[in-house]
Amino acid sequence: MDGVQQAAIHQALVAVQHAVTSMTFPSCDQGDLIEAIDQVEEQLHNSHPNLALMCRFLNSIARSLRAQPEARHACLAIEDAIGKAGMPSTWQSGI
């Protein structure tokens, strides 16, 4: 994973964190999303990040937020980041 891909994922996570902390969201759901963000950030800082794990968490985060209109920017940032990283986008499946 190159620096551009890592930066895109990090920026998407920043957008998600901003959306999650500014929305009226059940605190348990907010905590779960923050934990998922932390897991992806941890992988970004590994010398050999687990791309499959990152992909699963990023898609899960977007899936959790997709029904929230105020989180649209964050979901699109995730879509852009996973596309740049060559990961499959599955969060829109079943809509």
# chains A, B, ... in the order shown; residues from 1 in each chain; ligands from 1
call {"tool": "residues_around", "arguments": {"residues": "Gln11 (chain A)", "least_positions_apart": "5", "cutoff": "10 Å", "atoms": "only C-alpha atoms", "output": "list in words"}}
result
Gln5, Gln6, Val16, Gln17, Ala74, Ala77, Ile78 and Ala81 of chain A
call {"tool": "write_last_selection", "arguments": {"atoms": "N, CA and C atoms", "output": "PDB file, in the first residue's frame"}}
result
ATOM      1  N   GLN A   5      -2.543   5.912  -1.123  1.00  0.00           N
ATOM      2  CA  GLN A   5      -3.638   5.051  -0.678  1.00  0.00           C
ATOM      3  C   GLN A   5      -3.849   5.184   0.835  1.00  0.00           C
ATOM      4  N   GLN A   6      -2.757   5.183   1.576  1.00  0.00           N
ATOM      5  CA  GLN A   6      -2.859   5.331   3.025  1.00  0.00           C
ATOM      6  C   GLN A   6      -3.460   6.681   3.405  1.00  0.00           C
ATOM      7  N   VAL A  16     -15.244  10.188   8.660  1.00  0.00           N
ATOM      8  CA  VAL A  16     -16.160   9.324   9.406  1.00  0.00           C
ATOM      9  C   VAL A  16     -16.211   9.755  10.864  1.00  0.00           C
ATOM     10  N   GLN A  17     -15.055   9.975  11.453  1.00  0.00           N
ATOM     11  CA  GLN A  17     -15.020  10.364  12.863  1.00  0.00           C
ATOM     12  C   GLN A  17     -15.754  11.683  13.075  1.00  0.00           C
ATOM     13  N   ALA A  74     -18.879  11.191   4.347  1.00  0.00           N
ATOM     14  CA  ALA A  74     -17.983  10.175   4.912  1.00  0.00           C
ATOM     15  C   ALA A  74     -18.065   8.879   4.109  1.00  0.00           C
ATOM     16  N   ALA A  77     -16.254   9.331   0.921  1.00  0.00           N
ATOM     17  CA  ALA A  77     -14.807   9.334   1.167  1.00  0.00           C
ATOM     18  C   ALA A  77     -14.290   7.905   1.321  1.00  0.00           C
ATOM     19  N   ILE A  78     -15.062   7.059   1.998  1.00  0.00           N
ATOM     20  CA  ILE A  78     -14.677   5.649   2.129  1.00  0.00           C
ATOM     21  C   ILE A  78     -14.684   4.991   0.756  1.00  0.00           C
ATOM     22  N   ALA A  81     -11.623   6.021  -1.091  1.00  0.00           N
ATOM     23  CA  ALA A  81     -10.401   5.453  -0.505  1.00  0.00           C
ATOM     24  C   ALA A  81     -10.254   3.970  -0.826  1.00  0.00           C
TER      25      ALA A  81
END
call {"tool": "residues_around", "arguments": {"residues": "region 58-73 of chain A", "least_positions_apart": "2", "cutoff": "7 Å", "atoms": "only C-alpha atoms", "output": "short mmCIF file (atom, residue, chain, number, x, y, z; two decimals) with all heavy atoms, in the first residue's frame"}}
result
data_model
loop_
_atom_site.label_atom_id
_atom_site.label_comp_id
_atom_site.auth_asym_id
_atom_site.auth_seq_id
_atom_site.Cartn_x
_atom_site.Cartn_y
_atom_site.Cartn_z
N ALA A 19 -18.21 12.85 11.23
CA ALA A 19 -19.65 12.59 11.06
C ALA A 19 -20.22 11.90 12.29
O ALA A 19 -21.27 12.29 12.80
CB ALA A 19 -19.89 11.73 9.81
N LEU A 33 -18.36 2.22 16.04
CA LEU A 33 -17.74 2.84 14.87
C LEU A 33 -16.37 3.40 15.20
O LEU A 33 -15.44 3.26 14.39
CB LEU A 33 -18.65 3.93 14.30
CG LEU A 33 -19.89 3.41 13.58
CD1 LEU A 33 -20.86 4.54 13.29
CD2 LEU A 33 -19.51 2.69 12.30
N MET A 54 -8.80 -4.45 6.77
CA MET A 54 -9.12 -3.05 6.53
C MET A 54 -10.34 -2.92 5.64
O MET A 54 -11.24 -2.11 5.91
CB MET A 54 -7.93 -2.33 5.89
CG MET A 54 -6.78 -2.12 6.83
SD MET A 54 -5.33 -1.42 6.04
CE MET A 54 -5.95 0.10 5.39
N CYS A 55 -10.40 -3.70 4.59
CA CYS A 55 -11.52 -3.67 3.66
C CYS A 55 -12.82 -4.01 4.39
O CYS A 55 -13.84 -3.34 4.21
CB CYS A 55 -11.27 -4.65 2.52
SG CYS A 55 -12.58 -4.71 1.30
N ARG A 56 -12.78 -5.04 5.21
CA ARG A 56 -13.97 -5.46 5.96
C ARG A 56 -14.45 -4.33 6.88
O ARG A 56 -15.64 -4.02 6.92
CB ARG A 56 -13.68 -6.72 6.76
CG ARG A 56 -14.91 -7.25 7.44
CD ARG A 56 -14.74 -8.60 8.12
NE ARG A 56 -13.53 -9.30 7.76
CZ ARG A 56 -12.68 -9.83 8.65
NH1 ARG A 56 -12.91 -9.74 9.93
NH2 ARG A 56 -11.58 -10.46 8.25
N CYS A 75 -19.28 8.49 3.73
CA CYS A 75 -19.44 7.25 2.94
C CYS A 75 -18.77 7.39 1.58
O CYS A 75 -18.12 6.44 1.11
CB CYS A 75 -20.92 6.92 2.77
SG CYS A 75 -21.72 6.36 4.30
N LEU A 76 -18.91 8.54 0.96
CA LEU A 76 -18.26 8.76 -0.33
C LEU A 76 -16.74 8.81 -0.19
O LEU A 76 -16.02 8.35 -1.09
CB LEU A 76 -18.80 10.03 -0.98
CG LEU A 76 -20.27 9.98 -1.39
CD1 LEU A 76 -20.72 11.33 -1.94
CD2 LEU A 76 -20.54 8.86 -2.37
N ALA A 77 -16.25 9.33 0.92
CA ALA A 77 -14.81 9.33 1.17
C ALA A 77 -14.29 7.91 1.32
O ALA A 77 -13.21 7.57 0.82
CB ALA A 77 -14.48 10.16 2.41
N ILE A 78 -15.06 7.06 2.00
CA ILE A 78 -14.68 5.65 2.13
C ILE A 78 -14.68 4.99 0.76
O ILE A 78 -13.75 4.26 0.40
CB ILE A 78 -15.61 4.90 3.10
CG1 ILE A 78 -15.35 5.37 4.54
CG2 ILE A 78 -15.41 3.38 2.99
CD1 ILE A 78 -16.33 4.80 5.56
N SER A 89 -15.65 -2.77 -3.04
CA SER A 89 -16.68 -2.00 -2.34
C SER A 89 -17.93 -2.87 -2.24
O SER A 89 -18.54 -3.22 -3.25
CB SER A 89 -16.99 -0.73 -3.12
OG SER A 89 -18.10 -0.07 -2.55
N THR A 90 -18.32 -3.19 -1.01
CA THR A 90 -19.50 -4.03 -0.80
C THR A 90 -20.55 -3.34 0.04
O THR A 90 -21.63 -3.89 0.26
CB THR A 90 -19.11 -5.35 -0.12
OG1 THR A 90 -18.52 -5.07 1.16
CG2 THR A 90 -18.12 -6.15 -0.97
N TRP A 91 -20.27 -2.15 0.54
CA TRP A 91 -21.16 -1.51 1.51
C TRP A 91 -22.49 -1.10 0.93
O TRP A 91 -23.46 -0.94 1.67
CB TRP A 91 -20.47 -0.32 2.18
CG TRP A 91 -20.14 0.83 1.28
CD1 TRP A 91 -19.01 1.00 0.54
CD2 TRP A 91 -20.93 2.00 1.07
NE1 TRP A 91 -19.05 2.19 -0.12
CE2 TRP A 91 -20.22 2.83 0.18
CE3 TRP A 91 -22.17 2.43 1.53
CZ2 TRP A 91 -20.70 4.06 -0.26
CZ3 TRP A 91 -22.64 3.66 1.11
CH2 TRP A 91 -21.92 4.45 0.23
N GLN A 92 -22.60 -0.95 -0.37
CA GLN A 92 -23.87 -0.55 -0.98
C GLN A 92 -24.73 -1.75 -1.38
O GLN A 92 -25.86 -1.58 -1.81
CB GLN A 92 -23.62 0.35 -2.18
CG GLN A 92 -22.94 1.65 -1.78
CD GLN A 92 -22.75 2.56 -2.95
OE1 GLN A 92 -23.72 3.10 -3.46
NE2 GLN A 92 -21.50 2.75 -3.38
#
call {"tool": "residues_around", "arguments": {"residues": "region 35-41 of chain A", "least_positions_apart": "3", "cutoff": "7 Å", "atoms": "only C-alpha atoms", "output": "PDB file with N, CA and C atoms, in the first residue's frame"}}
result
ATOM      1  N   LEU A  13     -11.250   8.177   7.181  1.00  0.00           N
ATOM      2  CA  LEU A  13     -11.497   7.915   8.602  1.00  0.00           C
ATOM      3  C   LEU A  13     -11.730   9.205   9.377  1.00  0.00           C
ATOM      4  N   GLY A  31     -19.660   4.107  19.689  1.00  0.00           N
ATOM      5  CA  GLY A  31     -18.487   3.417  20.221  1.00  0.00           C
ATOM      6  C   GLY A  31     -17.994   2.318  19.294  1.00  0.00           C
ATOM      7  N   ASP A  32     -18.930   1.576  18.707  1.00  0.00           N
ATOM      8  CA  ASP A  32     -18.556   0.520  17.762  1.00  0.00           C
ATOM      9  C   ASP A  32     -17.858   1.097  16.533  1.00  0.00           C
ATOM     10  N   LEU A  44      -3.132   0.737   9.311  1.00  0.00           N
ATOM     11  CA  LEU A  44      -2.394   1.718   8.500  1.00  0.00           C
ATOM     12  C   LEU A  44      -0.976   1.927   9.019  1.00  0.00           C
ATOM     13  N   HIS A  45      -0.793   1.779  10.326  1.00  0.00           N
ATOM     14  CA  HIS A  45       0.514   2.011  10.927  1.00  0.00           C
ATOM     15  C   HIS A  45       1.380   0.749  10.987  1.00  0.00           C
ATOM     16  N   MET A  54      -8.796  -4.446   6.768  1.00  0.00           N
ATOM     17  CA  MET A  54      -9.121  -3.047   6.526  1.00  0.00           C
ATOM     18  C   MET A  54     -10.343  -2.918   5.636  1.00  0.00           C
ATOM     19  N   PHE A  57     -13.530  -3.710   7.611  1.00  0.00           N
ATOM     20  CA  PHE A  57     -13.909  -2.633   8.537  1.00  0.00           C
ATOM     21  C   PHE A  57     -14.413  -1.401   7.786  1.00  0.00           C
TER      22      PHE A  57
END
call {"tool": "decode", "arguments": {"residues": "region 62-83 of chain A", "atoms": "N, CA, C and O atoms", "output": "PDB file, in the first residue's frame"}}
result
ATOM      1  N   ALA A  62     -19.023   2.104   6.433  1.00  0.00           N
ATOM      2  CA  ALA A  62     -19.891   2.760   5.448  1.00  0.00           C
ATOM      3  C   ALA A  62     -21.301   2.174   5.486  1.00  0.00           C
ATOM      4  O   ALA A  62     -22.282   2.908   5.395  1.00  0.00           O
ATOM      5  N   ARG A  63     -21.405   0.867   5.648  1.00  0.00           N
ATOM      6  CA  ARG A  63     -22.713   0.217   5.722  1.00  0.00           C
ATOM      7  C   ARG A  63     -23.498   0.727   6.928  1.00  0.00           C
ATOM      8  O   ARG A  63     -24.706   0.955   6.849  1.00  0.00           O
ATOM      9  N   SER A  64     -22.811   0.937   8.027  1.00  0.00           N
ATOM     10  CA  SER A  64     -23.457   1.429   9.241  1.00  0.00           C
ATOM     11  C   SER A  64     -23.941   2.866   9.090  1.00  0.00           C
ATOM     12  O   SER A  64     -24.920   3.262   9.716  1.00  0.00           O
ATOM     13  N   LEU A  65     -23.262   3.640   8.253  1.00  0.00           N
ATOM     14  CA  LEU A  65     -23.583   5.059   8.108  1.00  0.00           C
ATOM     15  C   LEU A  65     -24.456   5.381   6.908  1.00  0.00           C
ATOM     16  O   LEU A  65     -24.980   6.492   6.810  1.00  0.00           O
ATOM     17  N   ARG A  66     -24.636   4.458   6.002  1.00  0.00           N
ATOM     18  CA  ARG A  66     -25.266   4.776   4.723  1.00  0.00           C
ATOM     19  C   ARG A  66     -26.691   5.316   4.831  1.00  0.00           C
ATOM     20  O   ARG A  66     -27.145   6.036   3.952  1.00  0.00           O
ATOM     21  N   ALA A  67     -27.400   5.003   5.893  1.00  0.00           N
ATOM     22  CA  ALA A  67     -28.774   5.496   6.055  1.00  0.00           C
ATOM     23  C   ALA A  67     -28.830   6.888   6.673  1.00  0.00           C
ATOM     24  O   ALA A  67     -29.904   7.476   6.769  1.00  0.00           O
ATOM     25  N   GLN A  68     -27.688   7.410   7.073  1.00  0.00           N
ATOM     26  CA  GLN A  68     -27.629   8.721   7.724  1.00  0.00           C
ATOM     27  C   GLN A  68     -27.274   9.789   6.688  1.00  0.00           C
ATOM     28  O   GLN A  68     -26.136   9.818   6.208  1.00  0.00           O
ATOM     29  N   PRO A  69     -28.221  10.666   6.334  1.00  0.00           N
ATOM     30  CA  PRO A  69     -27.924  11.687   5.316  1.00  0.00           C
ATOM     31  C   PRO A  69     -26.711  12.554   5.660  1.00  0.00           C
ATOM     32  O   PRO A  69     -25.938  12.923   4.778  1.00  0.00           O
ATOM     33  N   GLU A  70     -26.523  12.853   6.943  1.00  0.00           N
ATOM     34  CA  GLU A  70     -25.398  13.707   7.328  1.00  0.00           C
ATOM     35  C   GLU A  70     -24.046  12.994   7.223  1.00  0.00           C
ATOM     36  O   GLU A  70     -22.998  13.619   7.365  1.00  0.00           O
ATOM     37  N   ALA A  71     -24.054  11.699   6.955  1.00  0.00           N
ATOM     38  CA  ALA A  71     -22.813  10.933   6.819  1.00  0.00           C
ATOM     39  C   ALA A  71     -22.489  10.625   5.358  1.00  0.00           C
ATOM     40  O   ALA A  71     -21.559   9.882   5.074  1.00  0.00           O
ATOM     41  N   ARG A  72     -23.232  11.225   4.435  1.00  0.00           N
ATOM     42  CA  ARG A  72     -23.013  10.936   3.007  1.00  0.00           C
ATOM     43  C   ARG A  72     -21.579  11.231   2.589  1.00  0.00           C
ATOM     44  O   ARG A  72     -20.950  10.440   1.898  1.00  0.00           O
ATOM     45  N   HIS A  73     -21.046  12.380   3.008  1.00  0.00           N
ATOM     46  CA  HIS A  73     -19.667  12.742   2.644  1.00  0.00           C
ATOM     47  C   HIS A  73     -18.683  11.672   3.138  1.00  0.00           C
ATOM     48  O   HIS A  73     -17.757  11.290   2.422  1.00  0.00           O
ATOM     49  N   ALA A  74     -18.879  11.191   4.347  1.00  0.00           N
ATOM     50  CA  ALA A  74     -17.983  10.175   4.912  1.00  0.00           C
ATOM     51  C   ALA A  74     -18.065   8.879   4.109  1.00  0.00           C
ATOM     52  O   ALA A  74     -17.042   8.250   3.830  1.00  0.00           O
ATOM     53  N   CYS A  75     -19.276   8.486   3.735  1.00  0.00           N
ATOM     54  CA  CYS A  75     -19.441   7.255   2.944  1.00  0.00           C
ATOM     55  C   CYS A  75     -18.766   7.391   1.580  1.00  0.00           C
ATOM     56  O   CYS A  75     -18.119   6.440   1.106  1.00  0.00           O
ATOM     57  N   LEU A  76     -18.910   8.543   0.963  1.00  0.00           N
ATOM     58  CA  LEU A  76     -18.259   8.760  -0.330  1.00  0.00           C
ATOM     59  C   LEU A  76     -16.739   8.808  -0.194  1.00  0.00           C
ATOM     60  O   LEU A  76     -16.019   8.350  -1.088  1.00  0.00           O
ATOM     61  N   ALA A  77     -16.254   9.331   0.921  1.00  0.00           N
ATOM     62  CA  ALA A  77     -14.807   9.334   1.167  1.00  0.00           C
ATOM     63  C   ALA A  77     -14.290   7.905   1.321  1.00  0.00           C
ATOM     64  O   ALA A  77     -13.211   7.569   0.818  1.00  0.00           O
ATOM     65  N   ILE A  78     -15.062   7.059   1.998  1.00  0.00           N
ATOM     66  CA  ILE A  78     -14.677   5.649   2.129  1.00  0.00           C
ATOM     67  C   ILE A  78     -14.684   4.991   0.756  1.00  0.00           C
ATOM     68  O   ILE A  78     -13.747   4.264   0.405  1.00  0.00           O
ATOM     69  N   GLU A  79     -15.722   5.240  -0.026  1.00  0.00           N
ATOM     70  CA  GLU A  79     -15.815   4.660  -1.376  1.00  0.00           C
ATOM     71  C   GLU A  79     -14.593   5.048  -2.206  1.00  0.00           C
ATOM     72  O   GLU A  79     -13.988   4.202  -2.866  1.00  0.00           O
ATOM     73  N   ASP A  80     -14.217   6.307  -2.158  1.00  0.00           N
ATOM     74  CA  ASP A  80     -13.058   6.781  -2.901  1.00  0.00           C
ATOM     75  C   ASP A  80     -11.772   6.109  -2.402  1.00  0.00           C
ATOM     76  O   ASP A  80     -10.951   5.657  -3.198  1.00  0.00           O
ATOM     77  N   ALA A  81     -11.623   6.021  -1.091  1.00  0.00           N
ATOM     78  CA  ALA A  81     -10.401   5.453  -0.505  1.00  0.00           C
ATOM     79  C   ALA A  81     -10.254   3.970  -0.826  1.00  0.00           C
ATOM     80  O   ALA A  81      -9.163   3.520  -1.187  1.00  0.00           O
ATOM     81  N   ILE A  82     -11.335   3.218  -0.717  1.00  0.00           N
ATOM     82  CA  ILE A  82     -11.200   1.780  -0.999  1.00  0.00           C
ATOM     83  C   ILE A  82     -10.989   1.539  -2.488  1.00  0.00           C
ATOM     84  O   ILE A  82     -10.296   0.602  -2.870  1.00  0.00           O
ATOM     85  N   GLY A  83     -11.544   2.429  -3.313  1.00  0.00           N
ATOM     86  CA  GLY A  83     -11.285   2.326  -4.751  1.00  0.00           C
ATOM     87  C   GLY A  83      -9.823   2.585  -5.066  1.00  0.00           C
ATOM     88  O   GLY A  83      -9.205   1.856  -5.843  1.00  0.00           O
TER      89      GLY A  83
END
